[in-house]
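Chemist: Input work-v5.txt, format and content: compact mmCIF, C-alpha atoms.
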# COMPACT_ATOMS: atom_id res chain seq x y z
CA MET A 20 107.09 94.75 102.42
CA GLY A 21 105.57 98.04 103.52
CA ILE A 22 103.28 99.30 106.23
CA ARG A 23 99.98 101.12 106.01
CA LYS A 24 98.61 103.73 108.42
CA TYR A 25 94.96 104.69 108.80
CA LYS A 26 93.29 108.04 109.24
CA PRO A 27 91.95 108.33 112.82
CA GLU A 28 88.32 107.91 111.80
CA THR A 29 87.56 105.57 114.70
CA PRO A 30 89.25 104.97 118.09
CA GLY A 31 90.51 101.60 116.81
CA SER A 32 92.10 103.04 113.68
CA ARG A 33 93.78 105.98 115.44
CA TRP A 34 96.98 104.10 116.25
CA MET A 35 96.58 101.18 113.85
CA VAL A 36 99.60 100.36 111.67
CA VAL A 37 99.22 97.25 109.51
CA ASP A 38 101.04 95.28 106.84
CA ASP A 39 100.24 96.24 103.24
CA PHE A 40 100.96 92.67 102.02
CA LYS A 41 102.25 93.97 98.66
CA ASP A 42 105.08 91.43 98.68
CA ILE A 43 102.62 88.50 98.76
CA THR A 44 102.23 86.84 95.35
CA LYS A 45 100.01 83.87 96.26
CA LYS A 46 97.11 83.91 98.72
CA LYS A 47 96.20 80.25 99.23
CA PRO A 48 98.88 77.90 100.60
CA GLU A 49 100.11 74.74 98.89
CA LYS A 50 97.72 72.17 100.35
CA SER A 51 100.25 69.31 100.32
CA LEU A 52 102.60 71.38 102.51
CA THR A 53 100.09 72.14 105.28
CA ARG A 54 98.68 70.18 108.18
CA PRO A 55 96.08 70.83 110.91
CA LEU A 56 97.22 72.86 113.89
CA LYS A 57 95.61 71.94 117.19
CA ARG A 58 95.68 74.62 119.84
CA SER A 59 96.05 74.01 123.56
CA GLY A 60 94.72 77.31 124.95
CA GLY A 61 97.77 77.36 127.23
CA ARG A 62 96.79 74.07 128.91
CA ASN A 63 99.01 71.05 129.53
CA VAL A 64 98.11 67.36 129.19
CA TYR A 65 96.19 67.53 132.49
CA GLY A 66 94.01 70.43 131.32
CA ARG A 67 95.64 72.91 133.67
CA ILE A 68 96.59 76.38 132.43
CA THR A 69 100.39 76.62 132.39
CA VAL A 70 100.67 79.61 130.01
CA ARG A 71 98.29 82.44 130.84
CA GLY A 72 96.68 84.73 128.29
CA ARG A 73 96.21 82.14 125.53
CA GLY A 74 92.86 81.40 123.91
CA GLY A 75 90.54 82.16 121.02
CA GLY A 76 92.13 83.43 117.84
CA HIS A 77 91.60 82.65 114.20
CA LYS A 78 91.78 79.07 112.95
CA ARG A 79 95.10 78.26 111.25
CA ARG A 80 96.83 75.53 109.29
CA TYR A 81 100.50 74.88 109.88
CA ARG A 82 102.87 75.36 106.94
CA ILE A 83 105.59 72.70 106.84
CA ILE A 84 108.87 74.63 106.48
CA ASP A 85 112.10 73.08 105.19
CA PHE A 86 114.52 74.24 107.90
CA LYS A 87 117.03 71.49 107.02
CA ARG A 88 117.52 72.41 103.34
CA ASP A 89 118.78 68.85 102.86
CA LYS A 90 118.13 68.50 99.12
CA TYR A 91 121.76 69.09 98.19
CA ASP A 92 123.15 70.21 94.81
CA VAL A 93 119.66 70.47 93.26
CA THR A 94 118.52 73.87 91.99
CA ALA A 95 115.11 75.14 93.09
CA LYS A 96 113.10 77.98 91.55
CA VAL A 97 111.06 80.41 93.67
CA VAL A 98 107.40 80.00 92.62
CA ALA A 99 105.66 82.32 95.11
CA ILE A 100 106.07 84.47 98.22
CA GLU A 101 103.36 83.69 100.79
CA TYR A 102 102.05 84.88 104.15
CA ASP A 103 102.39 82.51 107.09
CA PRO A 104 100.05 83.12 110.05
CA ASN A 105 102.29 81.04 112.32
CA ARG A 106 105.42 83.22 112.07
CA THR A 107 106.50 86.84 111.59
CA ALA A 108 108.60 86.11 108.49
CA ARG A 109 107.33 85.51 104.96
CA ILE A 110 107.77 82.10 103.38
CA ALA A 111 108.82 81.25 99.84
CA LEU A 112 107.43 78.33 97.87
CA VAL A 113 110.26 76.74 95.85
CA GLU A 114 110.04 74.01 93.23
CA TYR A 115 113.02 71.73 92.58
CA ALA A 116 114.10 70.43 89.20
CA ASP A 117 112.48 67.05 89.94
CA GLY A 118 109.09 68.69 90.66
CA GLU A 119 109.19 68.54 94.46
CA LYS A 120 107.87 71.65 96.25
CA ARG A 121 108.97 72.97 99.64
CA TYR A 122 108.57 76.06 101.80
CA ILE A 123 111.62 78.02 102.98
CA ILE A 124 112.03 81.17 105.08
CA CYS A 125 112.02 84.15 102.71
CA PRO A 126 115.05 86.49 103.04
CA ILE A 127 115.24 90.11 101.87
CA GLY A 128 115.76 90.35 98.12
CA LEU A 129 114.41 86.92 97.18
CA LYS A 130 111.92 87.27 94.31
CA VAL A 131 109.72 85.02 92.21
CA GLY A 132 111.80 83.42 89.48
CA ASP A 133 115.06 83.41 91.45
CA GLU A 134 116.99 80.15 91.80
CA VAL A 135 118.37 78.84 95.10
CA ILE A 136 120.49 75.83 95.97
CA SER A 137 121.84 74.07 99.03
CA SER A 138 125.48 73.23 98.38
CA ASN A 139 128.96 73.96 99.73
CA SER A 140 130.06 74.85 96.21
CA ALA A 141 127.22 77.36 95.69
CA GLU A 142 127.90 81.05 95.15
CA ILE A 143 127.34 83.57 97.94
CA LYS A 144 123.82 84.60 96.94
CA VAL A 145 120.66 85.39 98.92
CA GLY A 146 118.67 82.20 99.56
CA ASN A 147 121.53 79.76 99.02
CA SER A 148 122.34 77.38 101.89
CA MET A 149 125.83 76.17 102.79
CA SER A 150 128.03 75.28 105.74
CA LEU A 151 129.55 77.96 107.96
CA GLU A 152 133.06 77.01 106.82
CA SER A 153 132.10 78.08 103.27
CA ILE A 154 130.63 81.45 104.32
CA PRO A 155 132.98 84.47 104.45
CA PRO A 156 133.00 86.62 107.63
CA GLY A 157 130.64 89.59 107.72
CA ILE A 158 127.97 88.14 105.39
CA PRO A 159 124.43 88.25 106.92
CA ILE A 160 123.06 84.74 107.46
CA HIS A 161 119.92 83.19 108.99
CA ASN A 162 118.32 79.79 109.71
CA ILE A 163 121.52 78.50 111.36
CA GLU A 164 121.85 74.94 112.61
CA MET A 165 123.18 74.28 116.10
CA THR A 166 123.74 70.58 115.40
CA ARG A 167 124.53 69.27 111.94
CA GLY A 168 121.47 67.77 110.26
CA MET A 169 118.96 68.97 112.87
CA GLY A 170 117.74 71.94 110.81
CA GLY A 171 117.98 75.68 111.36
CA ARG A 172 117.29 76.93 114.89
CA ILE A 173 118.74 80.46 115.06
CA ALA A 174 117.58 83.70 113.34
CA ARG A 175 114.28 82.60 111.80
CA SER A 176 111.97 85.51 112.72
CA ALA A 177 111.34 88.71 110.77
CA GLY A 178 114.46 90.84 110.31
CA GLY A 179 116.73 88.27 111.98
CA ALA A 180 120.36 88.04 110.85
CA CYS A 181 123.65 86.73 112.23
CA SER A 182 127.20 86.95 110.93
CA VAL A 183 130.36 84.86 111.06
CA MET A 184 133.03 86.81 112.94
CA ALA A 185 135.91 84.31 112.82
CA LYS A 186 136.74 80.65 112.29
CA GLU A 187 138.86 78.65 114.70
CA GLY A 188 139.47 74.93 114.35
CA LEU A 189 136.20 73.02 114.15
CA HIS A 190 134.10 76.00 115.25
CA ALA A 191 132.96 79.34 113.88
CA HIS A 192 132.36 82.45 116.01
CA VAL A 193 128.83 83.56 115.14
CA LYS A 194 127.36 86.86 116.34
CA LEU A 195 123.64 86.43 117.11
CA PRO A 196 120.92 89.11 116.78
CA SER A 197 121.04 89.63 120.57
CA GLY A 198 124.74 90.56 120.40
CA GLU A 199 125.87 87.25 121.90
CA VAL A 200 128.85 85.57 120.26
CA ARG A 201 128.61 81.80 120.21
CA LEU A 202 130.73 78.90 118.98
CA ILE A 203 128.94 76.75 116.39
CA LYS A 204 130.41 73.77 114.54
CA SER A 205 131.74 74.82 111.13
CA ASN A 206 129.95 71.99 109.33
CA CYS A 207 126.52 73.33 110.39
CA PHE A 208 124.48 74.82 107.55
CA ALA A 209 123.10 78.35 107.32
CA THR A 210 121.25 80.36 104.67
CA ILE A 211 122.64 83.54 103.11
CA GLY A 212 120.74 86.79 103.70
CA GLN A 213 118.65 88.57 106.32
CA VAL A 214 115.12 87.35 107.03
CA GLY A 215 112.54 89.54 105.29
CA ASN A 216 109.55 91.48 106.63
CA VAL A 217 111.89 93.75 108.61
CA GLU A 218 109.17 96.33 109.31
CA HIS A 219 107.18 93.84 111.36
CA ASP A 220 108.19 95.59 114.59
CA SER A 221 106.51 98.80 113.32
CA ILE A 222 103.08 97.15 113.33
CA SER A 223 100.63 98.49 115.94
CA LEU A 224 97.49 96.46 116.59
CA GLY A 225 95.47 99.57 117.43
CA LYS A 226 92.61 97.78 119.18
CA ALA A 227 91.98 94.87 121.52
CA GLY A 228 90.08 92.89 118.88
CA ARG A 229 93.14 92.42 116.71
CA SER A 230 94.97 91.00 119.70
CA ARG A 231 92.15 88.48 120.19
CA HIS A 232 92.41 87.45 116.52
CA LEU A 233 96.01 86.44 117.28
CA GLY A 234 94.87 84.27 120.20
CA ARG A 235 96.05 86.67 122.91
CA MET A 236 93.64 87.17 125.79
CA PRO A 237 93.69 90.09 128.26
CA LEU A 238 96.03 89.89 131.26
CA SER A 239 95.58 91.86 134.48
CA ARG A 240 98.58 93.49 136.17
CA GLY A 241 99.61 92.04 139.51
CA VAL A 242 99.41 95.39 141.33
CA VAL A 243 95.67 95.73 140.65
CA LYS A 244 94.84 92.33 142.15
CA ASN A 245 94.06 91.35 145.72
CA PRO A 246 96.83 90.04 148.00
CA VAL A 247 95.30 86.56 147.83
CA ASP A 248 95.77 86.51 144.05
CA HIS A 249 99.22 88.09 143.62
CA PRO A 250 102.20 88.95 145.88
CA MET A 251 102.10 92.56 144.63
CA GLY A 252 98.35 92.99 145.14
CA GLY A 253 96.49 94.95 147.78
CA GLY A 254 97.13 98.34 149.39
CA GLU A 255 95.20 101.59 149.42
CA GLY A 256 95.35 103.60 146.19
CA LYS A 257 98.07 102.99 143.62
CA SER A 258 100.53 100.74 145.41
CA SER A 259 103.06 98.19 144.20
CA GLY A 260 102.82 96.10 147.33
CA GLY A 261 106.04 97.59 148.73
CA ARG A 262 108.25 94.88 147.32
CA HIS A 263 110.44 94.08 144.35
CA PRO A 264 108.44 93.00 141.21
CA THR A 265 107.65 89.30 141.27
CA THR A 266 105.76 86.67 139.32
CA PRO A 267 102.39 85.43 140.68
CA TRP A 268 104.37 82.62 142.36
CA GLY A 269 106.83 84.92 144.14
CA LYS A 270 109.91 84.58 141.91
CA PRO A 271 111.69 87.97 141.43
CA THR A 272 111.62 89.52 137.96
CA LYS A 273 113.34 92.41 136.12
CA GLY A 274 116.99 91.40 136.28
CA TYR A 275 116.74 88.27 138.42
CA LYS A 276 119.06 85.64 136.92
CA THR A 277 117.30 82.31 136.34
CA ARG A 278 119.85 80.55 134.11
CA LYS A 279 121.40 77.54 135.82
CA ALA A 280 124.76 75.95 134.96
CA LYS A 281 124.36 74.57 131.46
CA GLN A 282 126.53 72.49 129.16
CA SER A 283 126.16 75.18 126.49
CA ASP A 284 127.97 77.78 128.64
CA LYS A 285 131.30 76.68 127.18
CA PHE A 286 130.10 77.64 123.68
CA ILE A 287 129.27 81.24 124.65
CA VAL A 288 132.26 83.48 123.86
CA LYS A 289 130.55 86.77 124.71
CA ARG A 290 127.23 87.17 126.49
CA ARG A 291 124.50 89.47 125.21
CA LYS A 292 124.66 91.55 128.40
Here is a file; write its structure as structure tokens.
Modeler:
Amino acid sequence: MGIRKYKPETPGSRWMVVDDFKDITKKKPEKSLTRPLKRSGGRNVYGRITVRGRGGGHKRRYRIIDFKRDKYDVTAKVVAIEYDPNRTARIALVEYADGEKRYIICPIGLKVGDEVISSNSAEIKVGNSMSLESIPPGIPIHNIEMTRGMGGRIARSAGGACSVMAKEGLHAHVKLPSGEVRLIKSNCFATIGQVGNVEHDSISLGKAGRSRHLGRMPLSRGVVKNPVDHPMGGGEGKSSGGRHPTTPWGKPTKGYKTRKAKQSDKFIVKRRK
């Protein structure tokens, strides 16, 4: 994957940095592996907006991704690398020996024609899936399960990678992309390699219209609103309301701890902060 910059011929192209899509080998998705994607516009079941700034955007179909990799000991061949509008990572279309096709998250180095397998006896190769107890420490991994059989939950976005630091009893010490070290059961599966499309964070939309294509609507800052609309609103000239930054509902932000006592605290060996 590479990025492409434009000459500043228009105000919109001055800062625009886009994907060159040279790693894509197939444009249209596999129809049997897609389904309709209904959008809520940020509204809940009562029609009330609960997530602001959502709306519009291009129509999409959801690609059904195999996060479980539960077709064990059967070799699959990579047929195509595709773009997925629903995620930052690329997806790979694989075809198993029995003819079944599935989508998987595409790691760096996976190419058309490569073979992947989900097995504890598989070799340590990019794209292969196996349990944490079979993975040596220091190897980059992604799509990690938190509960056996539930499918990958951790490190699925572009450039994401974790690593096994140590193994102790029934658990493995896994370092997450945030720097947090967490205990995960050793029988949970993970996929070898780092998620591809690592230059995704270099992309610059360049203009407001591209943000609308993604379904992101404009949001006004709290300090430019009236006091009736936001706790930080009001005041003559540029004023922050004379108080610590808050949400529209008065809850402090920027460093305010919101995490309550959770059962998962006992699995966190080292926090990200």
Chemist: Excluding A:Ser221 and its own-chain neighbours fewer than 4 positions away, which residues fall within 9 Å of it when counting only C-alpha atoms? Please give them as a ChimeraX atom specification.
Modeler: /A:22,36-37,217
Chemist: Could you list, as a PyMOL selection string, every residue within 7 Å of A:Ile160, counting all atoms listed in the file and ignoring same-chain residues fewer than 3 positions away?
Modeler: chain A and resi 180-182+209-213
Chemist: Here is a test: counting only C-alpha atoms, which residue of A:Asn105, A:Val98, A:Val93, A:Val145 is nearest to A:Leu233?
Modeler: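 For A:Leu233, the nearest of the candidates is A:Asn105.
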Chemist: A:Gly269: which residues within 12 Å, counting only C-alpha atoms, same-chain residues fewer than 2 positions away excluded, as JSON, numbers by chain?
Modeler: {"A": [241, 246, 248, 249, 250, 251, 252, 262, 263, 264, 265, 266, 267, 271, 272, 275]}
Chemist: Considering only C-alpha atoms, state which residue in the set A:Lys26, A:His192, A:Lys204, A:Arg80 is at the smallest distance from A:Arg106.
Modeler: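 For A:Arg106, the nearest of the given residues is A:Arg80.
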Chemist: Show which residues sit within 7 Å of stretch 114-121 of chain A, as number ranges by chain. Count only C-alpha atoms, and ignore same-chain residues fewer than 3 positions away.
Modeler: A: 85, 93-98
Chemist: Which residue out of A:Asn147, A:Thr44, A:Ser32, A:Thr69 has the minimum interatomic distance to A:Ile123 when all atoms listed in the file are used?
Modeler: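 Ranking A:Asn147, A:Thr44, A:Ser32, A:Thr69 by distance to A:Ile123, first place goes to A:Asn147.
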Chemist: So which one's closest to A:Glu134, A:Val247, A:Met149, A:Lys194, A:Val113? Using all atoms listed in the file, please.
Modeler: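 Distance minimum relative to A:Glu134 lands on A:Val113.
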Chemist: Which of these residues is nearest to A:Ser258, using all atoms listed in the file: A:Val242, A:Tyr25, A:Lys273, A:Gly198?
Modeler: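 With all atoms listed in the file as the atom set, the closest residue is A:Val242.
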Chemist: Of the candidates A:Lys144, A:Lys50, A:Lys281, A:Lys257, which shows the shortest atom-to-atom distance to A:Tyr122, using only C-alpha atoms?
Modeler: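 Selected residue with least distance to A:Tyr122: A:Lys50.
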